[in-house]
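Text of upload_32.cif (mmCIF, N, CA and C atoms) as supplied:
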data_my_file
loop_
_atom_site.label_atom_id
_atom_site.label_comp_id
_atom_site.auth_asym_id
_atom_site.auth_seq_id
_atom_site.Cartn_x
_atom_site.Cartn_y
_atom_site.Cartn_z
N MET A 1 16.01 9.27 -15.56
CA MET A 1 15.08 8.67 -14.60
C MET A 1 14.16 9.76 -14.06
N ARG A 2 12.87 9.46 -14.06
CA ARG A 2 11.88 10.43 -13.59
C ARG A 2 11.96 10.59 -12.07
N ARG A 3 11.45 11.70 -11.58
CA ARG A 3 11.52 12.00 -10.16
C ARG A 3 10.83 10.93 -9.30
N PRO A 4 9.60 10.48 -9.64
CA PRO A 4 8.99 9.43 -8.81
C PRO A 4 9.84 8.16 -8.73
N GLU A 5 10.53 7.82 -9.82
CA GLU A 5 11.39 6.64 -9.82
C GLU A 5 12.59 6.84 -8.91
N ARG A 6 13.19 8.02 -8.94
CA ARG A 6 14.32 8.31 -8.05
C ARG A 6 13.88 8.27 -6.60
N ILE A 7 12.74 8.86 -6.32
CA ILE A 7 12.22 8.87 -4.94
C ILE A 7 11.89 7.45 -4.50
N ALA A 8 11.32 6.65 -5.40
CA ALA A 8 10.98 5.26 -5.06
C ALA A 8 12.22 4.48 -4.66
N GLU A 9 13.31 4.65 -5.40
CA GLU A 9 14.55 3.94 -5.07
C GLU A 9 15.11 4.40 -3.73
N THR A 10 15.07 5.70 -3.47
CA THR A 10 15.53 6.22 -2.18
C THR A 10 14.66 5.68 -1.05
N LEU A 11 13.35 5.66 -1.26
CA LEU A 11 12.44 5.12 -0.25
C LEU A 11 12.73 3.64 0.01
N ARG A 12 12.99 2.88 -1.06
CA ARG A 12 13.27 1.45 -0.90
C ARG A 12 14.49 1.24 0.00
N GLU A 13 15.54 2.01 -0.26
CA GLU A 13 16.76 1.89 0.55
C GLU A 13 16.50 2.26 2.00
N GLU A 14 15.80 3.36 2.23
CA GLU A 14 15.53 3.81 3.60
C GLU A 14 14.61 2.85 4.34
N ILE A 15 13.56 2.39 3.68
CA ILE A 15 12.61 1.47 4.32
C ILE A 15 13.31 0.16 4.66
N ALA A 16 14.17 -0.32 3.77
CA ALA A 16 14.91 -1.55 4.04
C ALA A 16 15.78 -1.39 5.29
N GLN A 17 16.39 -0.23 5.44
CA GLN A 17 17.21 0.03 6.63
C GLN A 17 16.36 0.06 7.90
N ILE A 18 15.24 0.76 7.82
CA ILE A 18 14.36 0.88 8.99
C ILE A 18 13.80 -0.48 9.39
N VAL A 19 13.28 -1.23 8.41
CA VAL A 19 12.68 -2.53 8.71
C VAL A 19 13.76 -3.50 9.20
N GLY A 20 14.92 -3.45 8.57
CA GLY A 20 15.98 -4.39 8.91
C GLY A 20 16.70 -4.12 10.21
N TYR A 21 16.83 -2.84 10.58
CA TYR A 21 17.68 -2.52 11.72
C TYR A 21 16.99 -1.78 12.87
N GLU A 22 15.93 -1.05 12.59
CA GLU A 22 15.30 -0.27 13.66
C GLU A 22 14.11 -0.97 14.31
N LEU A 23 13.36 -1.70 13.53
CA LEU A 23 12.19 -2.39 14.08
C LEU A 23 12.64 -3.68 14.74
N GLU A 24 12.24 -3.89 15.97
CA GLU A 24 12.70 -5.06 16.70
C GLU A 24 11.61 -6.11 16.83
N ASP A 25 10.72 -6.16 15.86
CA ASP A 25 9.65 -7.14 15.86
C ASP A 25 10.17 -8.44 15.26
N PRO A 26 10.10 -9.56 15.98
CA PRO A 26 10.62 -10.82 15.45
C PRO A 26 9.90 -11.30 14.19
N ARG A 27 8.67 -10.83 13.96
CA ARG A 27 7.94 -11.22 12.76
C ARG A 27 8.56 -10.61 11.51
N LEU A 28 9.42 -9.61 11.69
CA LEU A 28 10.00 -8.90 10.55
C LEU A 28 11.43 -9.34 10.25
N ALA A 29 11.92 -10.33 10.97
CA ALA A 29 13.29 -10.79 10.77
C ALA A 29 13.49 -11.43 9.40
N ILE A 30 12.41 -11.91 8.79
CA ILE A 30 12.51 -12.63 7.53
C ILE A 30 11.92 -11.84 6.36
N VAL A 31 11.88 -10.51 6.49
CA VAL A 31 11.28 -9.64 5.47
C VAL A 31 12.37 -8.97 4.65
N THR A 32 12.17 -8.94 3.33
CA THR A 32 13.07 -8.22 2.43
C THR A 32 12.24 -7.24 1.60
N VAL A 33 12.66 -5.99 1.57
CA VAL A 33 11.99 -4.99 0.74
C VAL A 33 12.56 -5.11 -0.66
N THR A 34 11.71 -5.44 -1.64
CA THR A 34 12.19 -5.68 -3.00
C THR A 34 11.99 -4.48 -3.93
N GLU A 35 10.92 -3.75 -3.72
CA GLU A 35 10.61 -2.65 -4.65
C GLU A 35 9.65 -1.67 -3.99
N VAL A 36 9.73 -0.42 -4.41
CA VAL A 36 8.77 0.60 -3.99
C VAL A 36 8.27 1.29 -5.25
N ARG A 37 6.97 1.44 -5.35
CA ARG A 37 6.36 2.18 -6.46
C ARG A 37 5.62 3.37 -5.87
N VAL A 38 5.93 4.55 -6.40
CA VAL A 38 5.36 5.78 -5.87
C VAL A 38 4.36 6.34 -6.88
N ALA A 39 3.23 6.82 -6.39
CA ALA A 39 2.24 7.46 -7.25
C ALA A 39 2.86 8.73 -7.84
N ASP A 40 2.34 9.15 -8.99
CA ASP A 40 2.88 10.34 -9.66
C ASP A 40 2.80 11.59 -8.79
N ASP A 41 1.78 11.66 -7.92
CA ASP A 41 1.66 12.84 -7.04
C ASP A 41 2.49 12.69 -5.77
N LEU A 42 3.21 11.58 -5.63
CA LEU A 42 4.11 11.30 -4.50
C LEU A 42 3.39 11.20 -3.16
N ARG A 43 2.09 10.97 -3.16
CA ARG A 43 1.32 10.89 -1.91
C ARG A 43 1.21 9.47 -1.37
N ASP A 44 1.33 8.47 -2.25
CA ASP A 44 1.20 7.07 -1.85
C ASP A 44 2.37 6.27 -2.39
N ALA A 45 2.79 5.28 -1.60
CA ALA A 45 3.86 4.38 -2.04
C ALA A 45 3.47 2.95 -1.71
N SER A 46 3.58 2.08 -2.71
CA SER A 46 3.37 0.65 -2.51
C SER A 46 4.75 0.04 -2.27
N VAL A 47 4.90 -0.61 -1.12
CA VAL A 47 6.18 -1.21 -0.74
C VAL A 47 6.04 -2.72 -0.89
N TYR A 48 6.78 -3.29 -1.85
CA TYR A 48 6.70 -4.72 -2.11
C TYR A 48 7.74 -5.45 -1.27
N VAL A 49 7.30 -6.49 -0.58
CA VAL A 49 8.18 -7.25 0.30
C VAL A 49 8.05 -8.74 0.03
N THR A 50 9.16 -9.45 0.26
CA THR A 50 9.11 -10.91 0.26
C THR A 50 9.34 -11.36 1.69
N VAL A 51 8.74 -12.50 2.02
CA VAL A 51 8.85 -13.06 3.36
C VAL A 51 9.25 -14.52 3.22
N GLN A 52 10.31 -14.90 3.90
CA GLN A 52 10.72 -16.30 3.90
C GLN A 52 9.80 -17.06 4.85
N GLY A 53 9.28 -18.19 4.41
CA GLY A 53 8.45 -18.98 5.30
C GLY A 53 7.12 -19.34 4.67
N ASP A 54 6.25 -19.86 5.51
CA ASP A 54 4.95 -20.35 5.03
C ASP A 54 3.92 -19.22 5.01
N GLU A 55 2.71 -19.60 4.63
CA GLU A 55 1.62 -18.62 4.48
C GLU A 55 1.33 -17.88 5.79
N GLN A 56 1.38 -18.59 6.90
CA GLN A 56 1.11 -17.97 8.21
C GLN A 56 2.16 -16.90 8.53
N GLU A 57 3.42 -17.18 8.21
CA GLU A 57 4.47 -16.20 8.46
C GLU A 57 4.32 -14.98 7.55
N HIS A 58 3.84 -15.19 6.32
CA HIS A 58 3.56 -14.07 5.42
C HIS A 58 2.51 -13.16 6.04
N GLU A 59 1.43 -13.74 6.52
CA GLU A 59 0.35 -12.95 7.10
C GLU A 59 0.81 -12.19 8.34
N LYS A 60 1.57 -12.86 9.20
CA LYS A 60 2.07 -12.20 10.41
C LYS A 60 3.00 -11.04 10.07
N ALA A 61 3.88 -11.24 9.09
CA ALA A 61 4.82 -10.19 8.71
C ALA A 61 4.09 -9.00 8.10
N LEU A 62 3.11 -9.25 7.23
CA LEU A 62 2.36 -8.14 6.63
C LEU A 62 1.55 -7.38 7.67
N LEU A 63 1.02 -8.09 8.65
CA LEU A 63 0.30 -7.43 9.75
C LEU A 63 1.26 -6.55 10.54
N ALA A 64 2.43 -7.08 10.86
CA ALA A 64 3.42 -6.31 11.61
C ALA A 64 3.85 -5.07 10.83
N LEU A 65 4.03 -5.22 9.52
CA LEU A 65 4.42 -4.08 8.69
C LEU A 65 3.33 -3.02 8.64
N SER A 66 2.08 -3.45 8.53
CA SER A 66 1.00 -2.46 8.49
C SER A 66 0.89 -1.72 9.82
N GLN A 67 1.17 -2.42 10.92
CA GLN A 67 1.15 -1.77 12.23
C GLN A 67 2.34 -0.82 12.40
N ALA A 68 3.46 -1.15 11.78
CA ALA A 68 4.66 -0.32 11.90
C ALA A 68 4.70 0.81 10.88
N ALA A 69 3.78 0.82 9.91
CA ALA A 69 3.79 1.81 8.83
C ALA A 69 3.84 3.27 9.34
N PRO A 70 3.06 3.65 10.35
CA PRO A 70 3.15 5.05 10.81
C PRO A 70 4.55 5.41 11.34
N TYR A 71 5.18 4.47 12.06
CA TYR A 71 6.53 4.72 12.56
C TYR A 71 7.52 4.84 11.40
N VAL A 72 7.42 3.93 10.44
CA VAL A 72 8.32 3.94 9.29
C VAL A 72 8.15 5.25 8.51
N ARG A 73 6.92 5.66 8.33
CA ARG A 73 6.65 6.91 7.61
C ARG A 73 7.24 8.11 8.35
N LYS A 74 7.11 8.12 9.66
CA LYS A 74 7.67 9.21 10.47
C LYS A 74 9.19 9.25 10.34
N GLN A 75 9.83 8.07 10.38
CA GLN A 75 11.28 8.01 10.25
C GLN A 75 11.72 8.47 8.85
N LEU A 76 10.94 8.14 7.84
CA LEU A 76 11.24 8.61 6.48
C LEU A 76 11.16 10.12 6.40
N GLY A 77 10.18 10.69 7.08
CA GLY A 77 10.03 12.14 7.11
C GLY A 77 11.25 12.82 7.70
N PHE A 78 11.84 12.20 8.74
CA PHE A 78 13.06 12.75 9.34
C PHE A 78 14.26 12.60 8.40
N ALA A 79 14.34 11.47 7.72
CA ALA A 79 15.52 11.15 6.92
C ALA A 79 15.53 11.84 5.55
N LEU A 80 14.35 12.04 4.97
CA LEU A 80 14.28 12.58 3.61
C LEU A 80 13.68 13.98 3.63
N ASN A 81 14.13 14.78 2.71
CA ASN A 81 13.65 16.15 2.64
C ASN A 81 12.55 16.24 1.58
N LEU A 82 11.37 15.71 1.92
CA LEU A 82 10.23 15.75 1.01
C LEU A 82 9.15 16.63 1.60
N ARG A 83 8.42 17.31 0.73
CA ARG A 83 7.32 18.15 1.21
C ARG A 83 6.28 17.29 1.92
N HIS A 84 5.93 16.15 1.30
CA HIS A 84 4.97 15.22 1.89
C HIS A 84 5.59 13.83 1.88
N THR A 85 5.59 13.19 3.02
CA THR A 85 6.05 11.81 3.07
C THR A 85 4.89 10.93 2.62
N PRO A 86 5.12 10.05 1.64
CA PRO A 86 4.01 9.25 1.12
C PRO A 86 3.44 8.28 2.15
N ALA A 87 2.15 8.02 2.02
CA ALA A 87 1.52 6.97 2.83
C ALA A 87 2.05 5.64 2.32
N LEU A 88 2.38 4.74 3.24
CA LEU A 88 2.99 3.47 2.87
C LEU A 88 1.95 2.35 2.88
N HIS A 89 1.98 1.55 1.82
CA HIS A 89 1.09 0.40 1.69
C HIS A 89 1.98 -0.81 1.42
N PHE A 90 2.08 -1.72 2.39
CA PHE A 90 2.93 -2.89 2.23
C PHE A 90 2.18 -3.98 1.48
N VAL A 91 2.85 -4.53 0.46
CA VAL A 91 2.24 -5.51 -0.44
C VAL A 91 3.18 -6.71 -0.56
N ARG A 92 2.60 -7.88 -0.59
CA ARG A 92 3.40 -9.09 -0.76
C ARG A 92 3.89 -9.17 -2.20
N ASP A 93 5.19 -9.35 -2.39
CA ASP A 93 5.79 -9.50 -3.72
C ASP A 93 5.81 -10.98 -4.06
N THR A 94 5.06 -11.36 -5.07
CA THR A 94 4.93 -12.77 -5.42
C THR A 94 5.75 -13.15 -6.66
N VAL A 95 6.59 -12.28 -7.15
CA VAL A 95 7.35 -12.55 -8.36
C VAL A 95 8.23 -13.79 -8.18
N GLU A 96 8.96 -13.86 -7.06
CA GLU A 96 9.84 -15.01 -6.84
C GLU A 96 9.05 -16.30 -6.73
N GLU A 97 7.91 -16.25 -6.06
CA GLU A 97 7.08 -17.45 -5.93
C GLU A 97 6.60 -17.92 -7.29
N LYS A 98 6.17 -16.98 -8.13
CA LYS A 98 5.71 -17.35 -9.47
C LYS A 98 6.86 -17.89 -10.31
N ALA A 99 8.04 -17.31 -10.18
CA ALA A 99 9.20 -17.78 -10.94
C ALA A 99 9.57 -19.21 -10.52
N SER A 100 9.49 -19.50 -9.24
CA SER A 100 9.77 -20.86 -8.75
C SER A 100 8.77 -21.85 -9.33
N ARG A 101 7.53 -21.44 -9.37
CA ARG A 101 6.49 -22.32 -9.92
C ARG A 101 6.72 -22.58 -11.40
N VAL A 102 7.08 -21.55 -12.16
CA VAL A 102 7.35 -21.71 -13.59
C VAL A 102 8.55 -22.64 -13.77
N ASP A 103 9.60 -22.45 -12.97
CA ASP A 103 10.77 -23.33 -13.06
C ASP A 103 10.39 -24.78 -12.81
N ALA A 104 9.56 -25.02 -11.80
CA ALA A 104 9.13 -26.38 -11.48
C ALA A 104 8.31 -26.98 -12.63
N LEU A 105 7.43 -26.18 -13.22
CA LEU A 105 6.63 -26.65 -14.35
C LEU A 105 7.51 -26.99 -15.55
N LEU A 106 8.48 -26.12 -15.85
CA LEU A 106 9.37 -26.37 -16.96
C LEU A 106 10.23 -27.61 -16.73
N GLU A 107 10.65 -27.79 -15.51
CA GLU A 107 11.44 -28.98 -15.16
C GLU A 107 10.59 -30.24 -15.35
N GLY A 108 9.32 -30.18 -14.95
CA GLY A 108 8.40 -31.30 -15.14
C GLY A 108 8.19 -31.63 -16.61
N ILE A 109 8.08 -30.60 -17.43
CA ILE A 109 7.91 -30.81 -18.88
C ILE A 109 9.17 -31.44 -19.46
N GLY A 110 10.33 -30.98 -19.00
CA GLY A 110 11.60 -31.52 -19.48
C GLY A 110 11.74 -33.00 -19.15
N LYS A 111 11.27 -33.42 -17.99
CA LYS A 111 11.34 -34.83 -17.59
C LYS A 111 10.40 -35.69 -18.42
N GLU A 112 9.22 -35.13 -18.76
CA GLU A 112 8.25 -35.88 -19.57
C GLU A 112 8.79 -36.12 -20.97
N GLU A 113 9.48 -35.13 -21.54
CA GLU A 113 10.00 -35.26 -22.90
C GLU A 113 11.23 -36.16 -22.96
N GLY A 114 11.98 -36.20 -21.87
CA GLY A 114 13.24 -36.95 -21.86
C GLY A 114 13.06 -38.36 -21.58
#

Rewrite the structure of this file - the entire thing - as C-alpha cells.
Amino acid sequence: MRRPERIAETLREEIAQIVGYELEDPRLAIVTVTEVRVADDLRDASVYVTVQGDEQEHEKALLALSQAAPYVRKQLGFALNLRHTPALHFVRDTVEEKASRVDALLEGIGKEEG
C-alpha cells in the first residue's frame, strides 16, 4: 500500500472519530465518513461523507462540515505526526444513492419481464 493510501485510511479513522464524538453540532449527527482520498503531495484531502435524510439535511450537514474543517484539521495535526496536515474538502458520497437507484431500476425490469 502506497503512503498516500495509508495516510488516507488513518485520516478517515481520525476524522470519523472527531466528527462522531468531538463535534457537538446536531447537523452532524447523521454523517458517516466513508472514504478519504489524499493528493500525492499530501497537501489536500477529499473527505467523502454520506448523510441520512433529505436534500436539505445533506446541504446543512455539508455546510456544518465546511465550517468545522479548520477545527478538524487542527485536531488532526495534534493526533498525527505529519509534516503538513492536509487541507480538508468535504464531499457528498453518492455511491450508495446511485446503487439504490440501480437496484430499483433492476427490480422494475424484473417485474416487467415476469

Using DSSP assignments from the backbone, pull out every residue in range 37-101 of chain A that falls under helix (DSSP H, G or I) and give it to me as JSON, numbers by chain.
{"A": [55, 56, 57, 58, 59, 60, 61, 62, 63, 64, 65, 66, 67, 68, 69, 70, 71, 72, 73, 74, 75, 76, 77, 78, 79, 95, 96, 97, 98, 99, 100, 101]}

Report the residues retrieved by the PyMOL selection byres ((chain A and resi 86) around 7) from the displayed file, expressed as an MDAnalysis selection string.
chainID A and resid 42:45 73 84:85 87:89

Atom C of Arg3 in chain A and atom C of Leu62 in chain A are how many Å apart?
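The value is 26.6 Å.
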
Which residues fall under the PyMOL selection byres ((chain A and resi 28-37) around 6.5) in this file, as a short mmCIF file (atom, residue, chain, number, x, y, z; two decimals) with N, CA and C atoms, in the coordinates of the input?
data_model
loop_
_atom_site.label_atom_id
_atom_site.label_comp_id
_atom_site.auth_asym_id
_atom_site.auth_seq_id
_atom_site.Cartn_x
_atom_site.Cartn_y
_atom_site.Cartn_z
N ALA A 8 11.32 6.65 -5.40
CA ALA A 8 10.98 5.26 -5.06
C ALA A 8 12.22 4.48 -4.66
N GLU A 9 13.31 4.65 -5.40
CA GLU A 9 14.55 3.94 -5.07
C GLU A 9 15.11 4.40 -3.73
N LEU A 11 13.35 5.66 -1.26
CA LEU A 11 12.44 5.12 -0.25
C LEU A 11 12.73 3.64 0.01
N ARG A 12 12.99 2.88 -1.06
CA ARG A 12 13.27 1.45 -0.90
C ARG A 12 14.49 1.24 0.00
N ALA A 16 14.17 -0.32 3.77
CA ALA A 16 14.91 -1.55 4.04
C ALA A 16 15.78 -1.39 5.29
N VAL A 19 13.28 -1.23 8.41
CA VAL A 19 12.68 -2.53 8.71
C VAL A 19 13.76 -3.50 9.20
N ASP A 25 10.72 -6.16 15.86
CA ASP A 25 9.65 -7.14 15.86
C ASP A 25 10.17 -8.44 15.26
N PRO A 26 10.10 -9.56 15.98
CA PRO A 26 10.62 -10.82 15.45
C PRO A 26 9.90 -11.30 14.19
N ARG A 27 8.67 -10.83 13.96
CA ARG A 27 7.94 -11.22 12.76
C ARG A 27 8.56 -10.61 11.51
N VAL A 38 5.93 4.55 -6.40
CA VAL A 38 5.36 5.78 -5.87
C VAL A 38 4.36 6.34 -6.88
N ALA A 39 3.23 6.82 -6.39
CA ALA A 39 2.24 7.46 -7.25
C ALA A 39 2.86 8.73 -7.84
N ASP A 44 1.33 8.47 -2.25
CA ASP A 44 1.20 7.07 -1.85
C ASP A 44 2.37 6.27 -2.39
N ALA A 45 2.79 5.28 -1.60
CA ALA A 45 3.86 4.38 -2.04
C ALA A 45 3.47 2.95 -1.71
N SER A 46 3.58 2.08 -2.71
CA SER A 46 3.37 0.65 -2.51
C SER A 46 4.75 0.04 -2.27
N VAL A 47 4.90 -0.61 -1.12
CA VAL A 47 6.18 -1.21 -0.74
C VAL A 47 6.04 -2.72 -0.89
N TYR A 48 6.78 -3.29 -1.85
CA TYR A 48 6.70 -4.72 -2.11
C TYR A 48 7.74 -5.45 -1.27
N VAL A 49 7.30 -6.49 -0.58
CA VAL A 49 8.18 -7.25 0.30
C VAL A 49 8.05 -8.74 0.03
N THR A 50 9.16 -9.45 0.26
CA THR A 50 9.11 -10.91 0.26
C THR A 50 9.34 -11.36 1.69
N VAL A 51 8.74 -12.50 2.02
CA VAL A 51 8.85 -13.06 3.36
C VAL A 51 9.25 -14.52 3.22
N GLN A 52 10.31 -14.90 3.90
CA GLN A 52 10.72 -16.30 3.90
C GLN A 52 9.80 -17.06 4.85
N ALA A 61 3.88 -11.24 9.09
CA ALA A 61 4.82 -10.19 8.71
C ALA A 61 4.09 -9.00 8.10
#

Using only C-alpha atoms: which of A:Ile15, A:Ile7, A:Ala99, A:Met1 has the shortest distance to Tyr71 in chain A
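Residue with the minimum atom-to-atom distance to Tyr71 in chain A: A:Ile15.
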
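As for CA of Val72 in chain A and CA of Gln17 in chain A, they are spaced 10.1 Å apart.
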
Which of these, A:Glu57, A:Glu14, A:Gly110, A:Asp41, has the shortest distance to Gln75 in chain A once you count all atoms listed in the file?
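Checking each of A:Glu57, A:Glu14, A:Gly110, A:Asp41 against Gln75 in chain A, counting all atoms listed in the file, the winner is A:Glu14.
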